[in-house]
Every structure is written in structure tokens, then in C-alpha cells.
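Undergrad: Structure incoming, see below.
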Amino acid sequence: MGKDVIIALDFPGREETLAFLDRFTGKKPFVKIGMELFYAEGPQIVREIKRRGHKIFLDLKLCDIPNTVKGGMRSLSQLDVDMTNLHAFGTIAMMEAALEGLTRPDGTRPLLIAVTQLTSTDQMRMEKELLIEKPLPEVVMHYAELARTAGLDGVVCSPLEAGEVHRRCGENFVTVTPGVRFAGGDTGDQKRVTTPEKARELGSDYIVVGRPITQAEDPVEAYERCLQGFVG
Ligand code: C5P
């Protein structure tokens with residue numbers, strides 16, 4: 001699996017995003033476009049960043065009835081992104097429909113990965129609000145196995161879960177892991193964090209890094225430091 005650092009482009013609009021990317025002269029980092037940027041600028045921003053030569057993870061976390069998700073994925077398949085995602089919570093039927101929609105007429109498709117339980121959901125809320133009474137790590141592993149059964153390529157999870165996901169779902173099942181911080185850095189709202197070096201040790205395939213790079217005084221240096229720590 002190609003180990004890489006994915007920069008989360010959590011910016012409100014096109015101008016800030018392109019100004020940020022312009023700082024990376026001669027480099028084309030793998031980037032993540034999420035809801036904030038996509039809902040503000042639409043598919044055009046995806047095409048524009050793709051044209052600049054970046055690999056793109058389109059993080060829109062789809063979840064709806066299978067037929068609707070299939071149609072949504074069919075539209076996304078035309079954007080030529082490298083990776084996209086959905087909620088495993090939508091069940092196997094929804095994930096299978098998503099794969100079908102995402103597969104282009106020539107048989108190619110972007111990687112499709114699943115969100116298991118959101119990291120903002122804790123044991124208490126899961127039990128009281130979602131009425132799921134199993135331990136959270138067990139729920140995460142179960143959803144990962146559902147995703148694998150549906151034929152998906154991997155999951156978004158914590159670096160701390162990456163080893164167990166690989167053990168249960170196979171070494172080639174991709175783990176994409178946010179929650180990465182430099183040693184001694186500000187953790188922000190992330191609760192369970194690991195360094196790029198530790199994420200590599202734990203077996204993550206891709207780390208998603210936002211603020212430690214986007215808010216750094218020198219984002220290019222911060223990106224290089226992440227790459228060095230994670231890929232070596
Ligand atoms: O700034 P930071 O490094 O915390 O950004 C992490 C990125 O990963 C954000 O875009 C966030 O939405 C995303 N993410 C996450 N936890 C998840 C899924 C996605 O932090 N479980």
C-alpha cells in the first residue's frame with residue numbers, strides 16, 4: 001500500500017485554498033477536500049485542483065438509501081478523484097450500491113473507504129442516543145468488517161485502530177487515519193492523537209493532517225516533517 005500524507009484542505013473557499021497550494025512550489029501533495037470547501041465551491045474546485053496535478057481524497061461521507069447513494073457516487077465517479085468515502089452505518093446494501101455507482105463504464109473507480117464510528121461519538125452517546133450497547137472498539141471493528149464484506153477498499157480510523165483493522169480485514173485493506181499531531185504540538189479538538197512516526201509504527205497507510213500543516217508558520221516545512229516522520 002502506498003504510504004502517504006494527505007493534507008486536509010479545510011478552507012472556506014477557492015482563494016484561500018489555491019493560495020495555500022501555491023506555496024508548495026514544485027510539490028504536489030495528496031489533498032483532502034471536505035464538505036466545507038466542496039459545498040462552497042462545488043465540483044469545479046475538485047477539477048481545478050486535479051488539473052494542478054494533485055491526488056484527491058473527496059471526503060463527503062455519503063449516507064442515504066442505496067439507490068440515492070449509487071446515483072451520488074455515479075456523479076462523483078466523473079470527477080476523477082483518487083479516493084472517496086461513505087458511512088458504514090448505511091449497511092452492506094448501501095455500500096454495494098455505492099461501489100456499483102462509483103465504477104466507471106471502463107471498470108475503473110476511485111478507492112472507496114468507509115467511516116466506522118465518528119471519532120466525535122463516545123461510548124456514552126453511542127449507548128444512550130444510538131442504543132448501541134457494545135464496546136466502541138468492537139463496533140468500529142464490526143463496521144470495518146462490514147465494509148470489507150461489501151467489497152470496499154478500507155476505512156477511516158484512528159492510528160490506534162489501524163493494526164487491529166489490518167489483522168481482521170487484511171494487510172491490503174486501507175487504513176486512512178486522522179488525529180495526527182507533532183510531538184508537543186497543539187492537539188486542538190482531537191482527543192486521541194499520535195505523531196507521524198507513531199502512526200507509521202502502528203501501521204496506518206495514509207495519515208490525514210489538517211491544522212498542524214495548514215496553520216503552521218511554514219506549511220511546506222511542516223508537510224516535509226510529516227512526510228519524513230511517516231514515510232521516512
Ligand atoms: O486539523 P486536523 O489535523 O485535526 O484535521 C483532521 C481532518 O480529518 C479534518 O478534515 C477532519 O474533518 C478529518 N477527520 C477527523 N476524524 C475523523 C474523520 C475525519 O479528524 N474521524
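Ordered as shown in the C-alpha cells, chains take letters A, B, and onward, while each chain numbers its residues from 1 and ligands are numbered from 1 in the order shown.
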Compute the set of protein, DNA and RNA residues whose minimum atom distance to ligand 1 is at most 8 Å, using only C-alpha atoms and all ligand atoms, and state it as a ChimeraX atom specification.
TA: /A:8-10,32-34,59,115,117-120,156-158,177-181,187-190,208-214
Undergrad: Tell me, as a PyMOL selection string, which residues lie within 8 Å of stretch 61-70 of chain A, counting only C-alpha atoms; anything in the same chain fewer than 4 positions away does not count.
TA: chain A and resi 74+84-87+89-90+93-95+97-102+114-115
Undergrad: For the selection just defined, write its residues with C-alpha atoms to a file, as an mmCIF file, in the first residue's frame.
TA:
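Written file, selection-v7.cif:
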```cif
data_model
loop_
_atom_site.group_PDB
_atom_site.id
_atom_site.type_symbol
_atom_site.label_atom_id
_atom_site.label_comp_id
_atom_site.auth_asym_id
_atom_site.auth_seq_id
_atom_site.Cartn_x
_atom_site.Cartn_y
_atom_site.Cartn_z
ATOM 1 C CA ARG A 74 -22.100 7.847 -10.189
ATOM 2 C CA THR A 84 -13.881 8.977 -1.628
ATOM 3 C CA ASN A 85 -15.981 7.751 1.281
ATOM 4 C CA LEU A 86 -19.330 6.923 2.917
ATOM 5 C CA HIS A 87 -20.705 5.840 6.302
ATOM 6 C CA PHE A 89 -23.674 2.774 9.110
ATOM 7 C CA GLY A 90 -25.637 2.785 5.812
ATOM 8 C CA ALA A 93 -26.602 -2.959 0.684
ATOM 9 C CA MET A 94 -25.799 0.754 0.591
ATOM 10 C CA MET A 95 -22.052 0.139 0.337
ATOM 11 C CA ALA A 97 -24.743 0.107 -4.364
ATOM 12 C CA ALA A 98 -22.110 2.811 -3.820
ATOM 13 C CA LEU A 99 -19.409 0.641 -5.376
ATOM 14 C CA GLU A 100 -21.627 -0.022 -8.360
ATOM 15 C CA GLY A 101 -22.332 3.673 -8.855
ATOM 16 C CA LEU A 102 -18.682 4.625 -8.450
ATOM 17 C CA ALA A 114 -15.909 3.770 4.988
ATOM 18 C CA VAL A 115 -16.252 5.859 8.110
#
```
Undergrad: Mind checking which residues fall within 12 Å of stretch 222-228 of chain A, counting only C-alpha atoms, ignoring those fewer than 3 positions away in the same chain, and posting them as a PyMOL selection string?
TA: chain A and resi 3-8+21+23-24+27-31+180-183+185+194-200+206-219+231-232
Undergrad: Find, counting only C-alpha atoms, the residue in A:Val139, A:Leu37, A:Leu202, A:Leu131 that gets nearest to A:Val176.
TA: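 Closest candidate: A:Leu202.
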Undergrad: List the neighbours of A:Leu18 out to 10 Å using only C-alpha atoms; skip same-chain residues closer than 4 positions along the sequence, and give me the result as a list in words.
TA: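 Everything that qualifies: Leu9, Phe11, Gly13, Arg14, Asp22, Arg23, Ile45, Glu48, Ile49 and Arg52 of chain A.
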Undergrad: DSSP on the backbone: which residues in stretch 12-116 of chain A end up as strand (DSSP E)? Give the answer as a list in words.
TA: Phe30, Val31, Lys32, Ile33, Gly34, Ile56, Phe57, Leu58, Asp59, Leu60, Lys61, Leu62, Met83, Thr84, Asn85, Leu86, His87, Leu111, Leu112, Ile113, Ala114 and Val115 of chain A
Undergrad: If you count only C-alpha atoms, which residues fall within 9 Å of A:Glu145, apart from same-chain ones fewer than 3 positions away, as an MDAnalysis selection string?
TA: chainID A and resid 140:142 148:150 165 168:169
Undergrad: Residues as selected, C-alpha atoms, written as a PDB file, in the first residue's frame, can you do that?
TA:
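The new file out_12.pdb reads:
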```pdb
ATOM      1  CA  VAL A 140     -15.530   0.071  14.962  1.00  0.00           C
ATOM      2  CA  MET A 141     -14.097  -3.368  14.056  1.00  0.00           C
ATOM      3  CA  HIS A 142     -17.542  -4.715  13.189  1.00  0.00           C
ATOM      4  CA  ARG A 148     -14.727  -5.358   3.743  1.00  0.00           C
ATOM      5  CA  THR A 149     -17.645  -7.743   3.162  1.00  0.00           C
ATOM      6  CA  ALA A 150     -19.278  -5.166   0.876  1.00  0.00           C
ATOM      7  CA  VAL A 165      -8.207  -3.375  11.352  1.00  0.00           C
ATOM      8  CA  ARG A 168      -9.106  -8.565  10.912  1.00  0.00           C
ATOM      9  CA  CYS A 169      -9.589  -7.277   7.378  1.00  0.00           C
TER      10      CYS A 169
END
```
Undergrad: From the list A:Thr175, A:Thr17, A:Gln123, A:Thr116, which residue is nearest A:Ala162 when using only C-alpha atoms?
TA: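 For A:Ala162, the nearest of the candidates is A:Thr175.
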Undergrad: When you draw a straight line from atom CA of A:Glu15 to atom CA of A:His54, how long is it in Å?
TA: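 Atom CA of A:His54 lies 16.8 Å from atom CA of A:Glu15.
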